[in-house]
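Printed here is final-v1.txt (compact mmCIF, C-alpha atoms):
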# COMPACT_ATOMS: atom_id res chain seq x y z
CA MET A 1 -38.24 41.54 47.45
CA LEU A 2 -38.61 45.26 46.88
CA ASP A 3 -39.36 45.69 50.55
CA ASN A 4 -36.13 43.95 51.51
CA ILE A 5 -34.08 46.22 49.27
CA ARG A 6 -35.90 49.24 50.66
CA TYR A 7 -35.14 47.96 54.19
CA ILE A 8 -31.42 47.75 53.45
CA GLY A 9 -31.46 51.19 51.82
CA HIS A 10 -33.28 52.74 54.75
CA HIS A 11 -30.82 51.36 57.26
CA THR A 12 -27.80 52.38 55.21
CA LEU A 13 -29.13 55.92 54.92
CA SER A 14 -29.93 56.20 58.62
CA PHE A 15 -26.48 54.82 59.44
CA ILE A 16 -24.80 57.46 57.27
CA GLU A 17 -27.09 60.10 58.77
CA ARG A 18 -26.05 59.10 62.28
CA ILE A 19 -22.35 59.30 61.39
CA GLY A 20 -22.90 62.76 59.93
CA MET A 21 -24.85 63.85 62.98
CA ALA A 22 -22.10 62.58 65.28
CA CYS A 23 -19.41 64.46 63.32
CA CYS A 24 -21.44 67.68 63.34
CA PHE A 25 -21.96 67.23 67.07
CA LEU A 26 -18.23 67.02 67.76
CA LEU A 27 -17.54 69.99 65.52
CA LYS A 28 -20.23 72.10 67.19
CA MET A 29 -18.98 71.17 70.64
CA THR A 30 -15.42 72.25 69.87
CA ILE A 31 -16.53 75.48 68.18
CA ARG A 32 -18.95 76.67 70.84
CA VAL A 33 -16.42 78.10 73.23
CA PRO A 34 -18.22 79.50 76.30
CA ARG A 35 -18.25 83.27 76.60
CA LYS A 36 -18.98 83.62 80.30
CA TRP A 37 -16.17 82.98 82.75
CA TRP A 38 -18.27 80.76 85.04
CA HIS A 39 -18.74 78.38 82.14
CA TRP A 40 -14.99 77.99 82.17
CA TYR A 41 -15.14 77.46 85.90
CA THR A 42 -17.20 74.31 85.39
CA ILE A 43 -14.09 72.75 83.82
CA ILE A 44 -12.47 72.66 87.28
CA GLU A 45 -15.64 71.17 88.74
CA GLN A 46 -15.62 68.51 86.03
CA ILE A 47 -11.94 67.73 86.63
CA TYR A 48 -12.98 66.99 90.19
CA PHE A 49 -15.90 64.75 89.22
CA LEU A 50 -14.14 62.94 86.35
CA GLY A 51 -10.57 62.90 87.62
CA VAL A 52 -10.25 63.09 91.37
CA LEU A 53 -13.17 60.75 91.99
CA SER A 54 -11.68 58.17 89.57
CA LEU A 55 -8.33 58.20 91.39
CA VAL A 56 -9.07 55.30 93.74
CA ILE A 57 -9.93 52.75 91.04
CA ILE A 58 -7.08 53.96 88.82
CA LEU A 59 -4.41 53.74 91.51
CA ILE A 60 -5.53 50.35 92.84
CA SER A 61 -5.70 48.86 89.34
CA GLY A 62 -2.32 50.35 88.50
CA GLY A 63 -0.78 48.73 91.53
CA PHE A 64 -2.15 45.28 90.75
CA ILE A 65 -1.23 45.49 87.07
CA GLY A 66 2.34 46.46 87.91
CA MET A 67 2.59 43.53 90.31
CA VAL A 68 1.15 40.96 87.91
CA VAL A 69 3.34 42.10 85.01
CA ALA A 70 6.36 41.74 87.30
CA LEU A 71 5.38 38.18 88.28
CA GLN A 72 4.53 37.03 84.75
CA GLY A 73 7.57 38.71 83.23
CA PHE A 74 9.89 37.20 85.82
CA HIS A 75 8.74 33.66 85.06
CA THR A 76 9.25 34.07 81.33
CA LEU A 77 12.50 36.03 81.52
CA SER A 78 14.11 33.67 84.03
CA ASP A 79 13.90 30.91 81.38
CA PHE A 80 16.45 32.93 79.41
CA GLY A 81 18.43 34.05 82.42
CA ALA A 82 17.42 37.62 81.67
CA GLN A 83 15.75 38.54 84.97
CA SER A 84 17.73 41.77 85.09
CA GLU A 85 15.71 43.05 82.13
CA LEU A 86 12.46 42.72 84.11
CA SER A 87 12.22 46.43 84.90
CA ARG A 88 12.52 47.34 81.24
CA LEU A 89 9.72 44.91 80.41
CA ILE A 90 7.49 46.40 83.11
CA ALA A 91 8.26 50.01 82.25
CA LEU A 92 7.87 49.66 78.49
CA SER A 93 4.65 47.66 78.61
CA VAL A 94 3.15 50.04 81.17
CA PHE A 95 4.24 53.27 79.46
CA ARG A 96 3.36 52.28 75.93
CA GLU A 97 0.28 50.07 76.24
CA LEU A 98 -1.14 49.16 79.62
CA GLY A 99 -1.05 52.65 81.11
CA PRO A 100 -3.06 54.50 78.48
CA VAL A 101 -5.36 51.61 77.51
CA VAL A 102 -6.32 50.31 80.95
CA THR A 103 -6.72 53.83 82.31
CA ALA A 104 -9.00 54.69 79.39
CA LEU A 105 -11.07 51.52 79.82
CA LEU A 106 -11.47 52.15 83.55
CA PHE A 107 -12.26 55.79 82.90
CA ALA A 108 -14.95 54.79 80.39
CA GLY A 109 -16.51 52.49 82.95
CA ARG A 110 -16.21 54.82 85.93
CA ALA A 111 -16.64 58.31 84.50
CA GLY A 112 -18.00 57.81 80.98
CA SER A 113 -21.12 55.98 82.11
CA ALA A 114 -21.71 58.51 84.92
CA LEU A 115 -21.36 61.32 82.40
CA THR A 116 -23.93 59.77 80.08
CA ALA A 117 -26.33 59.22 82.97
CA GLU A 118 -25.91 62.83 84.11
CA VAL A 119 -26.40 64.40 80.69
CA GLY A 120 -29.09 61.86 79.80
CA LEU A 121 -31.06 62.76 82.90
CA MET A 122 -30.77 66.44 81.98
CA LYS A 123 -32.20 65.52 78.61
CA THR A 124 -34.99 63.37 80.12
CA ASP A 125 -35.92 66.13 82.57
CA ASN A 126 -35.99 68.61 79.68
CA GLN A 127 -33.25 70.63 81.38
CA LEU A 128 -31.39 70.90 78.09
CA THR A 129 -34.50 72.24 76.38
CA SER A 130 -35.08 74.77 79.16
CA MET A 131 -31.47 75.95 78.78
CA GLU A 132 -32.16 76.62 75.14
CA VAL A 133 -35.31 78.50 76.11
CA MET A 134 -33.20 80.69 78.42
CA ALA A 135 -30.79 81.32 75.54
CA VAL A 136 -28.04 79.26 77.19
CA ASP A 137 -26.38 76.97 74.69
CA PRO A 138 -26.39 73.47 76.24
CA LEU A 139 -23.44 72.44 74.10
CA SER A 140 -21.23 75.22 75.39
CA TYR A 141 -22.50 75.02 78.98
CA VAL A 142 -22.76 71.23 79.39
CA GLY A 143 -20.70 69.76 76.54
CA PHE A 144 -17.61 71.90 76.17
CA PRO A 145 -16.37 71.95 79.82
CA ARG A 146 -16.76 68.18 80.11
CA LEU A 147 -14.87 67.61 76.87
CA ILE A 148 -11.97 69.84 77.96
CA ALA A 149 -11.96 68.27 81.43
CA GLY A 150 -11.78 64.80 79.84
CA ILE A 151 -8.85 65.78 77.65
CA ILE A 152 -7.00 67.16 80.69
CA VAL A 153 -7.90 64.41 83.14
CA VAL A 154 -7.18 61.18 81.23
CA PRO A 155 -3.47 61.94 80.61
CA LEU A 156 -3.05 62.94 84.26
CA LEU A 157 -4.69 59.70 85.38
CA THR A 158 -2.48 57.76 82.95
CA ILE A 159 0.65 59.31 84.44
CA LEU A 160 -0.45 58.39 87.95
CA PHE A 161 -1.47 54.89 86.81
CA SER A 162 1.93 54.28 85.19
CA ALA A 163 3.83 55.57 88.19
CA THR A 164 1.83 53.38 90.56
CA ALA A 165 2.27 50.33 88.32
CA ILE A 166 6.03 50.82 88.17
CA TYR A 167 6.30 51.38 91.90
CA ALA A 168 4.27 48.22 92.55
CA GLY A 169 6.39 46.32 90.02
CA TYR A 170 9.52 47.57 91.78
CA TRP A 171 8.16 46.43 95.11
CA VAL A 172 7.35 42.90 93.86
CA SER A 173 10.64 42.54 91.98
CA VAL A 174 12.87 43.76 94.77
CA ALA A 175 11.11 42.50 97.90
CA TRP A 176 9.77 39.25 96.52
CA LEU A 177 11.63 38.11 93.42
CA GLY A 178 15.06 39.14 94.68
CA ILE A 179 16.09 41.54 91.93
CA ASP A 180 18.56 44.21 93.00
CA GLY A 181 16.89 47.60 93.41
CA GLY A 182 19.72 49.52 91.78
CA THR A 183 19.76 47.21 88.77
CA PHE A 184 16.00 47.60 88.45
CA LEU A 185 16.24 51.39 88.29
CA SER A 186 19.29 51.64 86.05
CA VAL A 187 18.04 49.07 83.52
CA MET A 188 14.72 50.89 83.37
CA LYS A 189 16.39 54.27 82.97
CA SER A 190 18.63 53.10 80.14
CA GLY A 191 15.89 51.15 78.37
CA VAL A 192 13.10 53.72 78.39
CA ASP A 193 13.20 56.83 76.26
CA PHE A 194 11.13 59.79 77.41
CA HIS A 195 10.08 61.02 73.96
CA ASP A 196 9.53 57.64 72.34
CA ASP A 197 7.93 55.73 75.18
CA VAL A 198 6.50 58.00 77.87
CA MET A 199 5.22 60.72 75.54
CA GLN A 200 3.77 58.15 73.15
CA GLY A 201 1.57 56.84 75.93
CA ILE A 202 0.52 60.33 76.94
CA ILE A 203 -0.42 61.31 73.39
CA LYS A 204 -2.52 58.16 73.17
CA SER A 205 -4.26 58.98 76.43
CA ILE A 206 -5.15 62.51 75.27
CA ILE A 207 -6.89 61.03 72.23
CA PHE A 208 -8.62 58.40 74.38
CA GLY A 209 -9.87 61.11 76.74
CA LEU A 210 -11.37 63.05 73.85
CA VAL A 211 -13.04 59.96 72.40
CA ILE A 212 -14.54 58.69 75.67
CA VAL A 213 -16.02 62.01 76.75
CA TYR A 214 -17.27 62.70 73.23
CA ILE A 215 -19.09 59.34 73.07
CA ALA A 216 -20.47 59.81 76.59
CA ILE A 217 -21.85 63.28 75.91
CA TYR A 218 -23.23 62.28 72.51
CA GLN A 219 -25.07 59.32 74.04
CA GLY A 220 -26.36 61.60 76.79
CA PHE A 221 -27.62 64.25 74.38
CA TYR A 222 -29.42 61.70 72.20
CA THR A 223 -30.87 59.54 74.97
CA GLN A 224 -34.38 58.21 74.51
CA GLN A 225 -36.41 60.05 77.12
CA SER A 226 -37.24 57.12 79.36
CA ALA A 227 -35.73 55.20 82.24
CA SER A 228 -34.75 52.24 80.06
CA GLY A 229 -33.40 54.61 77.40
CA LEU A 230 -31.09 56.12 79.99
CA GLY A 231 -29.81 52.69 80.98
CA ARG A 232 -29.27 51.73 77.36
CA ALA A 233 -27.38 54.96 76.70
CA ALA A 234 -25.00 54.31 79.63
CA THR A 235 -24.38 50.76 78.38
CA LYS A 236 -23.74 52.02 74.85
CA THR A 237 -21.22 54.52 76.14
CA VAL A 238 -19.16 51.84 77.86
CA VAL A 239 -19.40 49.41 74.92
CA PHE A 240 -18.68 51.94 72.20
CA SER A 241 -15.84 53.65 74.03
CA SER A 242 -14.19 50.32 74.89
CA ILE A 243 -14.27 49.27 71.26
CA ALA A 244 -13.09 52.70 70.15
CA ILE A 245 -10.20 52.66 72.65
CA LEU A 246 -8.92 49.23 71.61
CA GLY A 247 -9.35 49.89 67.89
CA LEU A 248 -7.74 53.32 68.09
CA ASP A 249 -4.93 51.92 70.20
CA PHE A 250 -4.04 49.49 67.42
CA LEU A 251 -4.17 52.23 64.78
CA LEU A 252 -2.16 54.71 66.86
CA THR A 253 0.47 52.10 67.73
CA ALA A 254 0.82 51.06 64.10
CA PHE A 255 1.10 54.71 63.12
CA MET A 256 3.61 55.63 65.84
CA LEU A 257 5.82 52.59 65.40
CA GLY A 258 5.69 52.96 61.63
CA ALA A 259 6.74 56.61 61.80
CA MET B 1 -18.55 80.47 93.71
CA ARG B 2 -17.37 80.37 97.34
CA GLY B 3 -18.82 76.92 97.94
CA HIS B 4 -16.31 75.41 95.53
CA ARG B 5 -13.15 76.23 97.47
CA VAL B 6 -12.61 72.65 98.65
CA ILE B 7 -13.06 71.33 95.12
CA ASP B 8 -10.56 73.91 93.84
CA LEU B 9 -8.04 72.79 96.42
CA VAL B 10 -8.48 69.08 95.67
CA VAL B 11 -8.25 69.63 91.91
CA GLY B 12 -5.14 71.75 92.44
CA VAL B 13 -3.50 69.00 94.49
CA PHE B 14 -4.49 66.41 91.86
CA VAL B 15 -3.06 68.37 88.93
CA ILE B 16 0.15 69.34 90.74
CA THR B 17 0.74 65.75 91.89
CA ALA B 18 0.23 64.40 88.37
CA VAL B 19 2.61 66.95 86.83
CA PHE B 20 5.17 66.27 89.56
CA VAL B 21 4.92 62.53 88.87
CA LEU B 22 5.40 63.19 85.15
CA PHE B 23 8.66 64.98 85.90
CA LEU B 24 9.63 62.11 88.19
CA LEU B 25 8.98 59.65 85.34
CA ALA B 26 10.91 61.86 82.95
CA PHE B 27 14.03 62.12 85.08
CA GLU B 28 14.01 58.96 87.18
CA ALA B 29 12.34 56.30 85.05
CA SER B 30 13.46 57.27 81.55
CA SER B 31 16.26 59.04 79.80
CA ILE B 32 15.74 62.09 77.64
CA HIS B 33 17.70 61.91 74.41
CA ASP B 34 17.73 64.93 72.15
CA GLY B 35 15.95 63.50 69.15
CA GLY B 36 17.29 65.73 66.39
CA ALA B 37 20.70 65.64 64.76
CA SER B 38 21.73 68.77 66.69
CA GLY B 39 24.99 68.49 68.55
CA ARG B 40 26.02 65.40 66.61
CA TYR B 41 28.15 64.64 63.57
CA LEU B 42 27.78 61.78 61.13
CA VAL B 43 30.55 59.38 60.14
CA ARG B 44 30.35 56.27 58.00
CA ALA B 45 31.73 52.78 58.42
CA ASP B 46 31.49 49.89 55.92
CA PHE B 47 31.14 46.37 57.30
CA ASP B 48 31.25 42.99 55.56
CA ASP B 49 28.56 41.66 57.84
CA ILE B 50 26.61 43.54 60.49
CA GLY B 51 24.72 40.60 61.96
CA SER B 52 21.60 41.86 63.66
CA LEU B 53 22.81 45.45 64.15
CA MET B 54 19.89 47.85 63.99
CA VAL B 55 19.24 51.57 63.83
CA LYS B 56 19.48 53.22 67.30
CA ALA B 57 22.08 50.72 68.50
CA PRO B 58 24.62 52.50 70.74
CA VAL B 59 28.18 53.41 69.73
CA ARG B 60 30.66 53.09 72.57
CA ILE B 61 34.28 53.80 73.34
CA ALA B 62 35.61 51.90 76.36
CA GLY B 63 32.01 51.00 77.19
CA VAL B 64 30.87 54.63 77.38
CA LYS B 65 28.06 55.60 75.01
CA ILE B 66 29.12 58.39 72.66
CA GLY B 67 26.52 58.13 69.91
CA GLU B 68 24.18 55.83 68.03
CA VAL B 69 23.60 54.14 64.68
CA VAL B 70 21.27 56.28 62.55
CA GLY B 71 21.28 54.41 59.26
CA VAL B 72 22.02 51.00 57.74
CA GLN B 73 22.13 50.60 53.95
CA LEU B 74 23.47 48.07 51.50
CA ASP B 75 26.03 49.22 48.94
CA ASN B 76 24.77 47.77 45.67
CA ARG B 77 28.24 47.52 44.08
CA THR B 78 30.48 46.22 46.82
CA PHE B 79 27.70 44.46 48.77
CA LYS B 80 28.98 45.85 52.02
CA ALA B 81 26.81 47.39 54.68
CA HIS B 82 27.02 51.18 54.94
CA VAL B 83 26.46 52.06 58.58
CA THR B 84 25.98 55.73 59.46
CA LEU B 85 26.95 56.67 63.00
CA ALA B 86 25.92 59.86 64.76
CA LEU B 87 28.54 60.81 67.34
CA GLU B 88 28.09 63.51 69.95
CA ASP B 89 29.90 66.79 69.32
CA ALA B 90 31.47 66.59 72.78
CA HIS B 91 33.59 63.70 71.50
CA ASN B 92 35.30 65.33 68.53
CA THR B 93 38.84 64.19 69.22
CA ILE B 94 38.49 60.57 68.06
CA PRO B 95 41.54 59.70 65.90
CA GLN B 96 40.92 59.19 62.19
CA ASP B 97 42.43 55.69 62.19
CA SER B 98 40.11 54.33 64.91
CA ALA B 99 38.63 50.89 64.31
CA ALA B 100 34.94 50.03 64.55
CA GLY B 101 33.77 46.59 65.59
CA ILE B 102 30.34 45.10 66.12
CA MET B 103 30.01 43.57 69.55
CA THR B 104 27.23 41.82 71.43
CA GLU B 105 25.98 42.77 74.87
CA GLY B 106 26.24 39.52 76.78
CA LEU B 107 25.84 36.20 75.02
CA LEU B 108 22.36 36.80 73.60
CA GLY B 109 22.03 40.56 73.96
CA SER B 110 21.65 43.24 71.31
CA LYS B 111 24.47 44.42 69.06
CA TYR B 112 26.43 47.63 69.51
CA ILE B 113 29.39 49.28 67.83
CA ALA B 114 32.63 49.57 69.76
CA LEU B 115 35.19 52.11 68.55
CA SER B 116 38.80 51.42 69.50
CA PRO B 117 40.80 54.65 69.22
CA GLY B 118 43.86 54.77 66.96
CA PHE B 119 46.90 57.04 67.15
CA SER B 120 46.38 59.48 64.29
CA GLU B 121 46.79 63.22 64.89
CA SER B 122 43.78 64.06 62.71
CA TYR B 123 40.31 63.50 64.06
CA LEU B 124 37.05 62.07 62.78
CA HIS B 125 34.78 64.81 61.51
CA SER B 126 31.40 65.02 59.81
CA GLY B 127 31.42 62.87 56.67
CA SER B 128 34.63 60.97 57.36
CA ILE B 129 34.80 57.22 56.85
CA ILE B 130 36.13 54.71 59.36
CA GLU B 131 38.47 52.47 57.37
CA THR B 132 39.20 49.64 59.77
CA THR B 133 36.13 47.60 60.63
CA HIS B 134 35.52 44.25 62.25
CA SER B 135 32.36 42.39 61.29
CA ALA B 136 29.90 41.00 63.73
CA ILE B 137 30.88 37.66 65.20
CA ILE B 138 28.06 35.33 64.29
CA LEU B 139 27.72 32.41 66.63
CA GLU B 140 26.64 29.93 63.95
CA ASN B 141 29.69 30.68 61.77
CA LEU B 142 31.94 30.33 64.77
CA ILE B 143 30.48 26.93 65.67
CA GLY B 144 30.72 25.84 62.03
CA LYS B 145 34.37 26.85 61.87
CA PHE B 146 35.11 25.06 65.11
CA LEU B 147 33.44 21.83 63.94
CA PHE B 148 35.13 21.98 60.54
CA ASN B 149 38.58 22.57 61.92
CA GLY B 150 38.27 20.27 64.90
CA GLY B 151 36.71 17.35 63.04

Render the structure in this file as structure tokens.
Amino acid sequence: MLDNIRYIGHHTLSFIERIGMACCFLLKMTIRVPRKWWHWYTIIEQIYFLGVLSLVIILISGGFIGMVVALQGFHTLSDFGAQSELSRLIALSVFRELGPVVTALLFAGRAGSALTAEVGLMKTDNQLTSMEVMAVDPLSYVGFPRLIAGIIVVPLLTILFSATAIYAGYWVSVAWLGIDGGTFLSVMKSGVDFHDDVMQGIIKSIIFGLVIVYIAIYQGFYTQQSASGLGRAATKTVVFSSIAILGLDFLLTAFMLGA
Amino acid sequence: MRGHRVIDLVVGVFVITAVFVLFLLAFEASSIHDGGASGRYLVRADFDDIGSLMVKAPVRIAGVKIGEVVGVQLDNRTFKAHVTLALEDAHNTIPQDSAAGIMTEGLLGSKYIALSPGFSESYLHSGSIIETTHSAIILENLIGKFLFNGG
């Protein structure tokens, strides 16, 4: 009996400890701004690894999502004789929800797991420890540039995703479903507001970028130093960041629509 | 750092393309409304029934958008709907005796306010009240009236 209570207490305490550790980690990472200019240079390198190399999957997915939203929307809207509103449906759902969320999920799978594996291997090889021995702060050399790169890259990928989705939606609607191209563009232009819709999605994606890279680096830094530990850390990154993205998306949407 | 020149170039192209596409989305795929109350003046109109009129619905004259609805409240004494309209400063020569009506875009579309200009020499200004208003035409009432009278 006493043992069971002690068990619960132990796990509660270690849970709280982990949350505290994670918060301190984020705080430290944002405070430790690199002093040497070549530390800043690694940001560009990371934009290449996280952003440019994710472009293919982002653009292809964007295209297919735009096309499928156009098809599904057309079938529902044509029941009401409101096919002309199809472009507004596509644009609003892509700008506000699908763009930021799907980009973030794909980014977590493509770049987040790779990031954890990279940092985790550094940890397993004791590279992080040797950096500390050489008086190089691993948080400012490894953590900070990746965090900044993530915050820059995810909104850019979201913009490109949304544009591709809308172009693909345009192509399906006009070439296949027989909607007039001019109507498509003018309905979209009048129905979508730049501040309310486009910027809302971009703000979301900035937060998603921060969260994904933060989770990835945290998992990398606290990997168990073994091959299976590395695999588990990469899995955790994808699982945790997916849950965080979808949960945060709900909270942010509720907050933005409420305000 | 010479070995990174290709990466620099690719990252540069990536960032510039994304920013360019953002501008494209801003100007081609969406419209930029100035969010604040700058450049607009507020007038009020009281309606018996506003139907499903909502905040941000457009205000039009002759079909051209000149402003939007910024507030809908219920007057607790007269039980009329106070609708606050924000009109653009560029349109400051709307006669005082103009009439406001609530119209529907298409058969099932959203509601908007149509102003029909009057003939007065004085113009609507900030804080003025539109006296002549026409309530929303509600389809159910119309059908009810038709059945009652026709039957």

Please tabulate, as CSV, the residues of chain A that come within 6 Å of chain B, each with its closest pair of atoms and the distance in Å to one decimal, counting only C-alpha atoms and ordering rows by chain, then residue number upward.
residue,atom,partner,partner_atom,distance
A:Tyr48,CA,B:Val11,CA,5.7
A:Leu156,CA,B:Ala18,CA,5.5
A:Lys189,CA,B:Ser30,CA,4.4
A:Val192,CA,B:Ser30,CA,4.8
A:Asp193,CA,B:Ser31,CA,5.2
A:Phe194,CA,B:Ile32,CA,5.2

Fill in: Interatomic distance, CA of Val52 (chain A) to CA of Ile243 (chain A) (Å, one decimal)
24.7 Å

Discussion item. Can you tell me which residues surround region 59-65 of chain A at a distance of at most 10 Å, considering all atoms listed in the file, apart from same-chain residues fewer than 2 positions away, and format the answer as a ChimeraX atom specification?
Written reply: /A:54-57,67-71,90,94,98-99,102-103,106,157-158,160-169,171

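Taking CA of Gly181 (chain A) and CA of Ser84 (chain A) as endpoints, the distance between them is 10.2 Å.
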
Worksheet item: Can you tell me, as a ChimeraX atom specification, which residues sit within 12 Å of (12.1, 35.3, 88.1) in the file's frame, using all atoms listed in the file?
Response: /A:69-87,172-174,176-179

Discussion item. Need the shell around region 30-46 of chain A: protein/DNA/RNA residues with any atom at most 6 Å away, counting only C-alpha atoms. Skip same-chain ones fewer than 5 positions apart. Format as a list in words?
Written reply: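 Skipping anything fewer than 5 positions along the chain leaves Ser140, Tyr141, Pro145 and Ala149 of chain A.
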
Item to complete: Find the spatial neighbours of Gly150 (chain A), counting all atoms listed in the file, within a cut-off of 10 Å - ignore same-chain residues fewer than 2 positions away - and output them as a PyMOL selection string.
Response: chain A and resi 43+46-47+50-51+107+111-112+144-148+152-156+206-214

Practice prompt. State, in Å with one decimal place, the distance from CA of Ala90 (chain B) to CA of Gly63 (chain B).
Written response: 16.2 Å

Counting all atoms listed in the file, give me one row per residue of region 86-142 of chain B with an atom at most 6 Å from an atom of region 42-56 of chain B, showing the shortest contact pair and its distance in Å to one decimal, sorted by chain then residue number, as JSON lines.
{"residue": "B:Ala86", "atom": "CA", "partner": "B:Leu42", "partner_atom": "CA", "distance": 4.5}
{"residue": "B:Lys111", "atom": "CA", "partner": "B:Leu53", "partner_atom": "CA", "distance": 5.3}
{"residue": "B:Ser126", "atom": "CA", "partner": "B:Leu42", "partner_atom": "CA", "distance": 5.0}
{"residue": "B:Gly127", "atom": "CA", "partner": "B:Val43", "partner_atom": "CA", "distance": 5.0}
{"residue": "B:Ser128", "atom": "CA", "partner": "B:Val43", "partner_atom": "CA", "distance": 5.2}
{"residue": "B:Ile129", "atom": "CA", "partner": "B:Arg44", "partner_atom": "CA", "distance": 4.7}
{"residue": "B:Ile130", "atom": "CA", "partner": "B:Ala45", "partner_atom": "CA", "distance": 4.9}
{"residue": "B:Ser135", "atom": "CA", "partner": "B:Asp49", "partner_atom": "CA", "distance": 5.2}
{"residue": "B:Ala136", "atom": "CA", "partner": "B:Ile50", "partner_atom": "CA", "distance": 5.3}

Write out the residues from the selection above, keeping C-alpha atoms, as a CSV table (one decimal), in the frame of the given file.
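Now in result-v6.csv:
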chain,number,residue,atom,x,y,z
B,86,ALA,CA,25.9,59.9,64.8
B,111,LYS,CA,24.5,44.4,69.1
B,126,SER,CA,31.4,65.0,59.8
B,127,GLY,CA,31.4,62.9,56.7
B,128,SER,CA,34.6,61.0,57.4
B,129,ILE,CA,34.8,57.2,56.8
B,130,ILE,CA,36.1,54.7,59.4
B,135,SER,CA,32.4,42.4,61.3
B,136,ALA,CA,29.9,41.0,63.7

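Near (40.1, 49.2, 72.3), the residues inside the 10 Å limit, counting all atoms listed in the file, come to Ile61, Ala62, Gly63, Ser98, Ala99, Ala100, Gly101, Ala114, Leu115, Ser116, Pro117 and Gly118 of chain B.
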
Next, write the just-selected residues to a file, as an mmCIF file, keeping the file's coordinate frame, keeping C-alpha atoms as the atom set.
data_model
loop_
_atom_site.group_PDB
_atom_site.id
_atom_site.type_symbol
_atom_site.label_atom_id
_atom_site.label_comp_id
_atom_site.auth_asym_id
_atom_site.auth_seq_id
_atom_site.Cartn_x
_atom_site.Cartn_y
_atom_site.Cartn_z
ATOM 1 C CA ILE B 61 34.280 53.800 73.340
ATOM 2 C CA ALA B 62 35.610 51.900 76.360
ATOM 3 C CA GLY B 63 32.010 51.000 77.190
ATOM 4 C CA SER B 98 40.110 54.330 64.910
ATOM 5 C CA ALA B 99 38.630 50.890 64.310
ATOM 6 C CA ALA B 100 34.940 50.030 64.550
ATOM 7 C CA GLY B 101 33.770 46.590 65.590
ATOM 8 C CA ALA B 114 32.630 49.570 69.760
ATOM 9 C CA LEU B 115 35.190 52.110 68.550
ATOM 10 C CA SER B 116 38.800 51.420 69.500
ATOM 11 C CA PRO B 117 40.800 54.650 69.220
ATOM 12 C CA GLY B 118 43.860 54.770 66.960
#

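Proximity ranking of A:Arg88, A:Ile203, A:Glu118, A:Leu105 relative to Ile151 (chain A) places A:Ile203 first, based on all atoms listed in the file.
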
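The list of residues with at least one atom within 8 Å of Gly39 (chain B), based on all atoms listed in the file and without residues fewer than 2 positions apart in the same chain, reads B:Ala37, B:Tyr41, B:Glu88, B:Asp89, B:Ala90.
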